[in-house]
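Note: the block below is upload_31.csv and it holds CSV, C-alpha atoms.
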```csv
chain,number,residue,atom,x,y,z
A,132,MET,CA,117.6,36.8,25.6
A,133,LYS,CA,115.3,35.1,28.0
A,134,ARG,CA,114.3,38.2,29.9
A,135,HIS,CA,112.8,39.7,26.7
A,136,PHE,CA,111.2,36.6,25.3
A,137,LEU,CA,107.9,37.1,26.9
A,138,PHE,CA,107.5,40.6,25.5
A,139,LEU,CA,108.8,39.8,22.0
A,140,LEU,CA,106.0,37.3,21.8
A,141,LEU,CA,103.5,40.0,22.9
A,142,PRO,CA,104.2,43.2,21.0
A,143,TRP,CA,100.6,44.3,21.5
A,144,LEU,CA,100.4,43.1,25.1
A,145,LEU,CA,100.6,46.5,26.8
A,146,GLY,CA,98.7,48.5,24.2
A,147,GLY,CA,95.6,48.9,26.4
A,148,ALA,CA,94.0,47.9,29.6
A,149,ALA,CA,90.3,47.5,30.0
A,150,VAL,CA,88.8,48.1,33.5
A,151,LEU,CA,88.0,44.8,35.2
A,152,SER,CA,84.3,45.0,36.4
A,153,ALA,CA,81.9,42.6,37.9
A,154,CYS,CA,79.1,41.2,35.8
A,155,SER,CA,75.7,39.9,36.9
A,156,ASP,CA,73.7,37.2,35.1
A,157,SER,CA,71.1,38.5,32.8
A,158,ASP,CA,67.4,37.6,33.3
A,159,ASP,CA,67.0,37.9,29.5
A,160,ASP,CA,66.2,34.4,28.1
A,161,THR,CA,67.4,35.5,24.6
A,162,PRO,CA,70.0,32.9,23.4
A,163,GLN,CA,73.6,34.2,23.8
A,164,VAL,CA,76.2,34.1,21.1
A,165,ALA,CA,79.2,32.0,22.2
A,166,ALA,CA,82.0,34.3,23.4
A,167,ASP,CA,85.1,34.6,21.2
A,168,THR,CA,88.1,33.3,23.3
A,169,SER,CA,90.7,33.3,20.5
A,170,ARG,CA,92.6,36.4,21.7
A,171,LEU,CA,92.6,35.2,25.3
A,172,ALA,CA,93.8,31.8,24.2
A,173,ALA,CA,96.7,33.3,22.2
A,174,LEU,CA,97.6,35.5,25.2
A,175,ILE,CA,97.6,32.6,27.6
A,176,ASP,CA,99.8,30.6,25.3
A,177,SER,CA,102.3,33.4,24.9
A,178,VAL,CA,102.4,34.3,28.6
A,179,THR,CA,102.8,30.7,29.6
A,180,VAL,CA,105.9,30.4,27.4
A,181,GLY,CA,107.4,33.6,28.9
A,182,TYR,CA,106.4,32.6,32.5
A,183,ASN,CA,108.2,29.3,32.1
A,184,ALA,CA,111.4,31.0,30.7
A,185,ALA,CA,111.5,33.7,33.4
A,186,VAL,CA,114.0,33.2,36.2
A,187,GLU,CA,113.7,34.9,39.6
A,188,GLY,CA,116.8,36.2,41.3
A,189,ASN,CA,118.9,39.3,42.1
A,190,LYS,CA,121.0,39.6,38.9
A,191,PRO,CA,120.4,41.7,35.8
A,192,GLY,CA,118.1,39.7,33.5
A,193,ASN,CA,116.3,38.0,36.5
A,194,TYR,CA,112.9,38.9,37.8
A,195,ALA,CA,112.6,40.0,41.4
A,196,THR,CA,112.1,37.1,43.8
A,197,GLY,CA,108.4,36.5,44.3
A,198,SER,CA,107.3,38.3,41.2
A,199,LYS,CA,106.2,35.2,39.3
A,200,ALA,CA,103.5,34.2,41.8
A,201,PRO,CA,101.0,37.1,41.0
A,202,LEU,CA,101.5,36.4,37.2
A,203,LYS,CA,100.8,32.7,37.8
A,204,THR,CA,97.6,33.6,39.7
A,205,ALA,CA,96.4,35.8,36.8
A,206,LEU,CA,97.4,33.1,34.3
A,207,ASP,CA,95.4,30.4,36.1
A,208,LEU,CA,92.4,32.7,36.4
A,209,ALA,CA,92.5,33.5,32.7
A,210,THR,CA,92.9,29.8,31.8
A,211,SER,CA,89.9,28.9,34.0
A,212,THR,CA,87.8,31.7,32.4
A,213,ARG,CA,88.7,30.6,28.9
A,214,GLY,CA,87.6,27.0,29.7
A,215,ASN,CA,84.1,28.0,30.9
A,216,SER,CA,81.6,28.3,28.1
A,217,GLN,CA,79.1,30.1,30.4
A,218,TYR,CA,81.2,33.2,30.5
A,219,THR,CA,80.1,36.2,28.4
A,220,GLN,CA,82.2,38.1,26.0
A,221,LEU,CA,82.6,40.9,28.5
A,222,GLN,CA,83.9,38.5,31.1
A,223,ILE,CA,86.3,37.0,28.6
A,224,ASP,CA,87.5,40.5,27.6
A,225,ASN,CA,88.0,41.4,31.3
A,226,ALA,CA,90.0,38.3,31.9
A,227,THR,CA,92.2,39.3,28.9
A,228,ALA,CA,92.7,42.8,30.3
A,229,ASN,CA,93.5,41.4,33.8
A,230,LEU,CA,96.2,39.1,32.4
A,231,ARG,CA,97.7,42.0,30.4
A,232,ARG,CA,97.9,44.1,33.6
A,233,ALA,CA,99.6,41.2,35.4
A,234,VAL,CA,102.2,41.0,32.6
A,235,ALA,CA,102.8,44.7,32.8
A,236,ALA,CA,103.4,44.5,36.5
A,237,PHE,CA,105.7,41.4,36.0
A,238,ARG,CA,107.7,43.3,33.4
A,239,GLY,CA,108.3,46.0,35.9
A,240,SER,CA,110.0,43.5,38.2
A,241,LEU,CA,112.8,42.8,35.7
A,242,ILE,CA,116.2,43.5,37.2
A,243,GLU,CA,118.4,45.6,35.0
A,244,ASP,CA,121.9,46.7,35.5
A,245,VAL,CA,122.4,50.1,37.1
A,246,SER,CA,122.4,53.2,34.8
A,247,VAL,CA,124.2,51.5,31.9
A,248,ALA,CA,124.0,54.7,29.9
A,249,ASN,CA,126.2,56.4,32.5
A,250,LEU,CA,128.7,53.5,33.0
A,251,VAL,CA,132.0,54.8,31.6
A,252,ALA,CA,134.0,51.7,32.5
A,253,TYR,CA,133.5,48.4,34.4
A,254,TRP,CA,136.6,46.4,35.3
A,255,LYS,CA,135.4,43.0,36.3
A,256,PHE,CA,138.9,41.5,36.4
A,257,GLU,CA,137.7,38.2,35.0
A,258,GLY,CA,141.1,36.9,34.1
A,259,ASN,CA,142.3,40.3,32.8
A,260,ALA,CA,142.1,44.0,33.3
A,261,ASN,CA,139.8,44.7,30.3
A,262,ASP,CA,136.8,47.0,30.4
A,263,ALA,CA,133.5,45.1,30.3
A,264,THR,CA,131.6,47.9,28.6
A,265,ALA,CA,131.7,48.7,24.9
A,266,ASN,CA,133.9,51.8,25.7
A,267,GLY,CA,137.1,49.8,25.5
A,268,HIS,CA,138.9,51.3,28.5
A,269,ASN,CA,141.2,48.3,28.9
A,270,GLY,CA,143.9,48.4,31.6
A,271,THR,CA,147.5,47.2,31.6
A,272,PRO,CA,149.1,45.6,34.7
A,273,LYS,CA,152.3,47.3,35.5
A,274,THR,CA,155.1,47.5,38.1
A,275,GLY,CA,155.2,50.7,40.1
A,276,PRO,CA,157.3,52.9,42.2
A,277,THR,CA,158.0,52.1,45.9
A,278,GLY,CA,161.0,54.2,46.8
A,279,PRO,CA,161.4,56.8,49.5
A,280,GLY,CA,161.4,60.6,49.1
A,281,THR,CA,162.2,61.8,45.6
A,282,ALA,CA,163.5,58.4,44.5
A,283,PRO,CA,160.6,56.5,42.9
A,284,GLY,CA,162.4,53.2,42.2
A,285,ASP,CA,160.4,50.2,41.0
A,286,GLY,CA,158.8,47.4,43.0
A,287,ALA,CA,159.3,45.0,40.1
A,288,THR,CA,156.0,43.4,40.9
A,289,LEU,CA,152.9,43.1,38.7
A,290,PRO,CA,149.4,42.9,39.9
A,291,THR,CA,148.5,39.2,40.4
A,292,LEU,CA,145.2,37.5,39.5
A,293,VAL,CA,143.8,35.9,42.6
A,294,ALA,CA,140.5,34.3,43.8
A,295,ASP,CA,137.6,36.8,44.4
A,296,ARG,CA,135.2,37.1,47.3
A,297,PHE,CA,133.4,34.0,46.1
A,298,ASN,CA,136.7,32.0,46.0
A,299,ARG,CA,136.6,31.8,42.2
A,300,PRO,CA,140.2,31.7,40.9
A,301,ASN,CA,141.6,34.5,38.7
A,302,GLN,CA,138.7,36.8,39.3
A,303,ALA,CA,140.3,39.7,41.2
A,304,TYR,CA,143.7,41.4,41.3
A,305,GLU,CA,146.1,41.6,44.2
A,306,PHE,CA,148.3,44.7,44.5
A,307,THR,CA,151.5,44.7,46.5
A,308,ASN,CA,154.9,46.4,46.3
A,309,GLY,CA,153.8,49.2,44.0
A,310,ALA,CA,151.9,47.1,41.5
A,311,TYR,CA,149.1,48.9,39.7
A,312,ILE,CA,146.9,48.9,36.5
A,313,GLU,CA,147.2,51.7,34.1
A,314,VAL,CA,144.3,52.8,31.8
A,315,PRO,CA,144.9,55.3,29.0
A,316,TYR,CA,143.4,58.7,29.6
A,317,ALA,CA,139.9,59.4,28.2
A,318,ALA,CA,137.7,62.5,28.7
A,319,GLY,CA,135.1,60.1,30.1
A,320,PHE,CA,137.2,59.8,33.3
A,321,ASN,CA,137.0,63.5,33.9
A,322,PRO,CA,133.2,64.3,34.1
A,323,PRO,CA,131.6,67.1,36.1
A,324,ALA,CA,130.1,64.4,38.5
A,325,MET,CA,131.0,60.8,39.1
A,326,THR,CA,130.5,57.6,41.1
A,327,ILE,CA,133.2,55.0,41.9
A,328,SER,CA,132.0,51.6,43.0
A,329,LEU,CA,134.4,48.7,43.9
A,330,TRP,CA,135.2,45.8,46.1
A,331,CYS,CA,138.4,45.8,48.1
A,332,LYS,CA,140.2,43.8,50.8
A,333,ARG,CA,143.0,45.8,52.4
A,334,PHE,CA,146.0,44.0,54.0
A,335,ASP,CA,147.1,46.6,56.5
A,336,SER,CA,146.8,50.1,57.8
A,337,ASN,CA,148.8,51.7,55.0
A,338,ASP,CA,147.8,55.4,55.0
A,339,ALA,CA,148.2,55.7,51.2
A,340,ASN,CA,146.0,52.9,50.0
A,341,TYR,CA,145.2,54.4,46.6
A,342,LEU,CA,142.3,52.7,44.9
A,343,LEU,CA,141.7,54.9,41.9
A,344,SER,CA,143.4,58.1,40.9
A,345,LEU,CA,143.3,60.5,38.0
A,346,ASN,CA,146.1,63.0,38.3
A,347,ARG,CA,145.9,62.6,42.1
A,348,TRP,CA,144.6,65.8,43.9
A,349,ASN,CA,144.7,67.7,40.6
A,350,GLY,CA,141.8,65.6,39.4
A,351,PHE,CA,140.5,63.1,41.9
A,352,LYS,CA,142.0,60.4,44.1
A,353,PHE,CA,140.0,57.7,46.0
A,354,GLN,CA,141.9,55.9,48.7
A,355,LEU,CA,141.8,54.3,52.2
A,356,GLN,CA,143.6,56.2,54.9
A,357,GLY,CA,145.5,54.7,57.8
A,358,ALA,CA,142.4,54.1,59.9
A,359,GLY,CA,140.7,52.3,56.9
A,360,LYS,CA,138.4,55.2,56.2
A,361,PRO,CA,137.5,55.8,52.5
A,362,PHE,CA,138.8,59.2,51.5
A,363,LEU,CA,138.1,61.2,48.3
A,364,THR,CA,140.0,64.3,47.1
A,365,ALA,CA,138.0,66.1,44.3
A,366,THR,CA,139.3,69.1,42.5
A,367,THR,CA,136.4,71.3,41.3
A,368,THR,CA,136.1,74.6,39.6
A,369,THR,CA,136.0,76.3,43.0
A,370,GLY,CA,138.7,74.4,44.9
A,371,ILE,CA,140.2,71.1,46.2
A,372,PHE,CA,138.0,69.2,48.6
A,373,ASP,CA,139.3,66.4,50.9
A,374,ARG,CA,136.7,64.4,52.7
A,375,ASP,CA,136.5,61.0,54.4
A,376,ALA,CA,133.8,58.6,55.5
A,377,GLU,CA,134.2,59.6,59.2
A,378,SER,CA,132.7,56.6,61.1
A,379,GLY,CA,132.8,54.3,58.0
A,380,VAL,CA,135.8,52.0,58.2
A,381,VAL,CA,136.9,49.2,55.8
A,382,ALA,CA,138.1,46.2,58.0
A,383,VAL,CA,141.5,44.6,57.3
A,384,ASN,CA,141.4,41.3,55.3
A,385,THR,CA,137.7,41.6,54.7
A,386,TRP,CA,136.0,42.0,51.3
A,387,THR,CA,134.0,45.3,51.5
A,388,HIS,CA,131.9,47.1,48.9
A,389,VAL,CA,133.1,50.7,48.9
A,390,VAL,CA,131.4,53.6,46.9
A,391,THR,CA,132.0,57.3,46.7
A,392,SER,CA,130.0,59.8,44.6
A,393,TYR,CA,130.5,63.5,43.9
A,394,VAL,CA,128.2,66.1,42.3
A,395,ASP,CA,128.2,69.8,42.8
A,396,GLY,CA,127.2,70.4,46.4
A,397,THR,CA,127.2,66.7,47.6
A,398,LEU,CA,129.9,64.1,48.3
A,399,LYS,CA,128.9,60.7,49.7
A,400,PHE,CA,130.4,57.5,51.0
A,401,TYR,CA,128.8,54.1,51.2
A,402,LEU,CA,129.9,50.8,52.7
A,403,ASN,CA,128.2,47.5,51.8
A,404,GLY,CA,125.3,49.2,50.1
A,405,ALA,CA,124.6,51.6,53.0
A,406,LEU,CA,125.2,55.4,53.1
A,407,VAL,CA,127.6,56.2,55.9
A,408,LYS,CA,128.5,59.8,55.3
A,409,THR,CA,127.2,62.8,53.3
A,410,TRP,CA,129.1,66.0,52.9
A,411,THR,CA,127.4,69.1,51.6
A,412,ASN,CA,130.2,71.7,52.1
A,413,VAL,CA,131.6,71.0,48.7
A,414,GLN,CA,131.0,73.2,45.6
A,415,GLY,CA,131.4,73.2,41.9
A,416,PRO,CA,131.5,70.6,39.1
A,417,MET,CA,134.7,68.6,38.9
A,418,LYS,CA,137.5,70.4,37.0
A,419,THR,CA,139.0,69.2,33.8
A,420,ILE,CA,142.7,68.3,34.3
A,421,PRO,CA,145.0,70.5,32.2
A,422,GLU,CA,146.7,67.7,30.3
A,423,PRO,CA,146.0,64.0,29.7
A,424,VAL,CA,147.2,61.6,32.4
A,425,PRO,CA,146.4,57.9,32.5
A,426,LEU,CA,144.1,56.6,35.1
A,427,ALA,CA,145.8,54.6,37.8
A,428,ILE,CA,144.2,51.7,39.7
A,429,GLY,CA,146.2,50.9,42.8
A,430,GLN,CA,148.7,53.9,42.5
A,431,GLN,CA,148.7,57.6,42.9
A,432,LEU,CA,150.1,58.3,39.4
A,433,PRO,CA,151.4,56.2,36.5
A,434,LYS,CA,155.2,55.6,37.0
A,435,GLU,CA,156.1,57.3,33.7
A,436,THR,CA,154.3,60.4,34.9
A,437,TYR,CA,156.2,60.9,38.1
A,438,ASN,CA,158.8,63.7,37.9
A,439,ARG,CA,158.2,64.4,34.2
A,440,ALA,CA,157.9,68.0,33.0
A,441,PRO,CA,154.3,69.2,32.7
A,442,THR,CA,153.2,70.4,29.2
A,443,ALA,CA,150.2,72.7,30.0
A,444,GLY,CA,151.8,75.5,31.9
A,445,GLN,CA,151.7,74.0,35.4
A,446,ALA,CA,154.5,74.5,37.9
A,447,ALA,CA,157.7,72.6,37.4
A,448,GLY,CA,157.0,70.2,40.3
A,449,TYR,CA,153.5,69.4,39.3
A,450,PHE,CA,154.2,65.7,38.9
A,451,GLU,CA,156.8,65.5,41.7
A,452,TYR,CA,157.2,62.1,43.4
A,453,TYR,CA,156.8,62.6,47.2
A,454,GLY,CA,157.0,59.0,48.3
A,455,PRO,CA,155.2,55.6,48.0
A,456,ALA,CA,151.5,55.8,47.6
A,457,PHE,CA,150.0,52.5,46.4
A,458,PHE,CA,147.4,50.0,47.4
A,459,LYS,CA,148.2,46.9,49.5
A,460,GLY,CA,145.4,44.3,49.1
A,461,GLN,CA,142.9,43.0,46.5
A,462,ILE,CA,140.4,44.9,44.3
A,463,ASP,CA,137.6,43.7,42.2
A,464,ASP,CA,134.5,44.8,40.2
A,465,ILE,CA,135.3,48.5,39.7
A,466,ARG,CA,132.5,50.6,38.2
A,467,PHE,CA,133.0,54.2,37.1
A,468,TYR,CA,129.9,56.3,36.3
A,469,ASN,CA,129.7,59.9,35.0
A,470,ARG,CA,127.0,60.9,37.4
A,471,ALA,CA,126.3,60.6,41.1
A,472,LEU,CA,124.1,57.5,41.6
A,473,THR,CA,121.2,57.6,44.0
A,474,ASP,CA,121.2,55.8,47.3
A,475,ALA,CA,118.9,53.2,45.9
A,476,GLU,CA,121.1,52.6,42.9
A,477,VAL,CA,124.2,52.0,45.1
A,478,THR,CA,122.2,49.5,47.2
A,479,SER,CA,121.1,47.8,43.9
A,480,ILE,CA,124.8,47.4,42.9
A,481,TYR,CA,125.6,45.9,46.3
A,482,THR,CA,122.6,43.5,46.0
A,483,ILE,CA,123.6,42.4,42.5
A,484,GLU,CA,127.2,41.9,43.3
A,485,ASN,CA,127.0,40.5,46.9
A,486,THR,CA,126.1,37.0,45.8
A,487,LEU,CA,126.7,34.8,42.8
```
Re-express the file's structure as structure tokens.
Amino acid sequence: MKRHFLFLLLPWLLGGAAVLSACSDSDDDTPQVAADTSRLAALIDSVTVGYNAAVEGNKPGNYATGSKAPLKTALDLATSTRGNSQYTQLQIDNATANLRRAVAAFRGSLIEDVSVANLVAYWKFEGNANDATANGHNGTPKTGPTGPGTAPGDGATLPTLVADRFNRPNQAYEFTNGAYIEVPYAAGFNPPAMTISLWCKRFDSNDANYLLSLNRWNGFKFQLQGAGKPFLTATTTTGIFDRDAESGVVAVNTWTHVVTSYVDGTLKFYLNGALVKTWTNVQGPMKTIPEPVPLAIGQQLPKETYNRAPTAGQAAGYFEYYGPAFFKGQIDDIRFYNRALTDAEVTSIYTIENTL
């Protein structure tokens, strides 16, 4: 890949760094041996290829905007030094070391995706509900319950592929009339700590706008309440904690980046990359649910789970249907991590995903 090309060409590039020091002309009239510029020449050639291939931007694989300029300055200086036969071997070696340092700094500006090792699933909704990670947590669009009281019924409506926030067709899903996406249960969806990141556009003030749910309040449920406030219920080893984003509100008919994270002692909410609320009156790692239940995107529970008998010793009404609880709007780019991301990492996701 282009972002690694420069460094594949230079396996020895960062092996050492000589200290750049000033040199004065010697008064010794003894004839000087011509400096060996072969290593500097090879380095310049390799760095030039990598520099030309590198792309600045804000996406994974790009280099941070403005990062190429310092590398170009060091490259030009090294080229000038190499072409001057009056420079001593020490000066040539210093130029080589200086260019190596510039490459090391440039390499540090490479934008990588956020915490890939902790990314359990990533539903990009690019024409389907498949997981973009190698974990294979693919979803299935389904019709879902919409009925009142204890009568689930069925809305007979599947999630529909629609244009995303950049107006690209078939790059997001619209959820109406009980439609949802079901993902088979995996232990990875039930970690001790987590972060959920997604984009959504709510259509109305539905007070049960379920975004992502694993066994509802018996595991976790992430939703928007009537006022549009993000709301997380997390069941831990010490209890059930319901918290909302307080002043943070998702506007109607507006694409918004919404994130929540939980780790023992801290629950956070973010809107458009900014932290809007931190709760610290929560305790315990998240609890493992007693029996496997599929993950629901856009619904409280999978429809086949409602009103069925539990199998792990729970009360008879454990899966009781209490009324409609489904999302009305559009959702895109859902990330699920098995740890609480830092504030900077959440901002990075927003920066990466906010533009094409």
Inset, instruction - Might you pull out every residue within 9 Å of range 388-390 of chain A, with only C-alpha atoms counted and same-chain residues fewer than 5 positions away left off, and present them as a PyMOL selection string? - result: chain A and resi 326-331+361+381+399-404+406+477+481+484-485
Inset, instruction - Mind checking which residues fall within 8 Å of range 274-285 of chain A, counting only C-alpha atoms, ignoring those fewer than 3 positions away in the same chain, and posting them as a list in words? - result: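 Counting only the stated atoms, we get Thr288, Leu289, Pro290, Asn308, Gly309, Ala310, Tyr311, Gln430, Pro433, Lys434, Tyr437, Glu451, Tyr452, Tyr453, Gly454, Pro455 and Ala456 of chain A.
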Inset, instruction - Tell me which of A:Thr369, A:Tyr182, A:Asp464, A:Glu313 sits closest to Gly415 in chain A, counting all atoms listed in the file. - result: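 Checking each candidate against Gly415 in chain A, we get A:Thr369 as the closest.
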Inset, instruction - Tell me, in Å to one decimal, how far CA of Pro191 in chain A is from CA of Asn261 in chain A. - result: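 Taking CA of Pro191 in chain A and CA of Asn261 in chain A, their separation equals 20.4 Å.
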Inset, instruction - State, in Å with one decimal place, the distance from CA of Phe334 in chain A to CA of Ala382 in chain A. - result: 9.1 Å
Legend entry - d(CA of Ala248 in chain A, CA of Gly396 in chain A) in Å: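 Result for CA of Ala248 in chain A versus CA of Gly396 in chain A: 23.0 Å, one decimal.
Minimum atom-to-atom distances from A:Ala318, A:Leu202, A:Ile483, A:Val251 to Ala265 in chain A were compared using all atoms listed in the file, and the lowest value belongs to A:Val251.
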Inset, instruction - Please identify all polymer residues within 6 Å of range 252-259 of chain A, counting all atoms listed in the file, omitting same-chain residues fewer than 2 positions from it, and present them as number ranges by chain. - result: A: 250, 261-264, 301-303, 464-467
Tell me, counting all atoms listed in the file, for each residue of range 227-300 of chain A within 10 Å of range 162-177 of chain A, which pair of atoms is nearest and how far apart they are in Å to one decimal, in rows ordered by chain and increasing number, as CSV.
```
residue,atom,partner,partner_atom,distance
A:Thr227,CA,A:Leu171,CA,5.5
A:Ala228,CA,A:Leu171,CA,9.1
A:Leu230,CA,A:Leu174,CA,8.2
A:Arg231,CA,A:Leu174,CA,8.3
```
Export of the given selection (C-alpha atoms) as a short mmCIF file (atom, residue, chain, number, x, y, z; two decimals), in the coordinates of the input:
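Result file is part-v1.cif:
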```cif
data_model
loop_
_atom_site.label_atom_id
_atom_site.label_comp_id
_atom_site.auth_asym_id
_atom_site.auth_seq_id
_atom_site.Cartn_x
_atom_site.Cartn_y
_atom_site.Cartn_z
CA THR A 227 92.20 39.30 28.90
CA ALA A 228 92.70 42.80 30.30
CA LEU A 230 96.20 39.10 32.40
CA ARG A 231 97.70 42.00 30.40
#
```
Inset, instruction - Give the answer as one residue: which of A:Lys459, A:Lys418, A:Arg238, A:Lys352 has the shortest atom-to-atom distance to Ser336 in chain A, using all atoms listed in the file? - result: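 Among the listed residues, the smallest separation from Ser336 in chain A belongs to A:Lys459.
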Inset, instruction - Would you be able to write out as a list in words which residues have an atom within 8 Å of (142.3, 57.0, 51.3) in the file's coordinates, counting only C-alpha atoms? - result: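 Within the cut-off we find Asp338, Ala339, Asn340, Tyr341, Leu342, Lys352, Phe353, Gln354, Leu355, Gln356, Gly357, Gly359, Lys360, Pro361, Phe362, Leu363 and Asp375 of chain A.
Comparing the minimum interatomic distances between Trp410 in chain A and each of A:Thr391, A:Asn321, A:Ser240, A:Thr366, counting only C-alpha atoms, we find that A:Thr391 sits nearest.
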Legend entry - Top pick for closest residue to Asn189 in chain A, considering A:Glu476, A:Asp463, A:Asp224, A:Asp244 and counting all atoms listed in the file: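 Looking at the shortest contact to Asn189 in chain A, the residue is A:Asp244.
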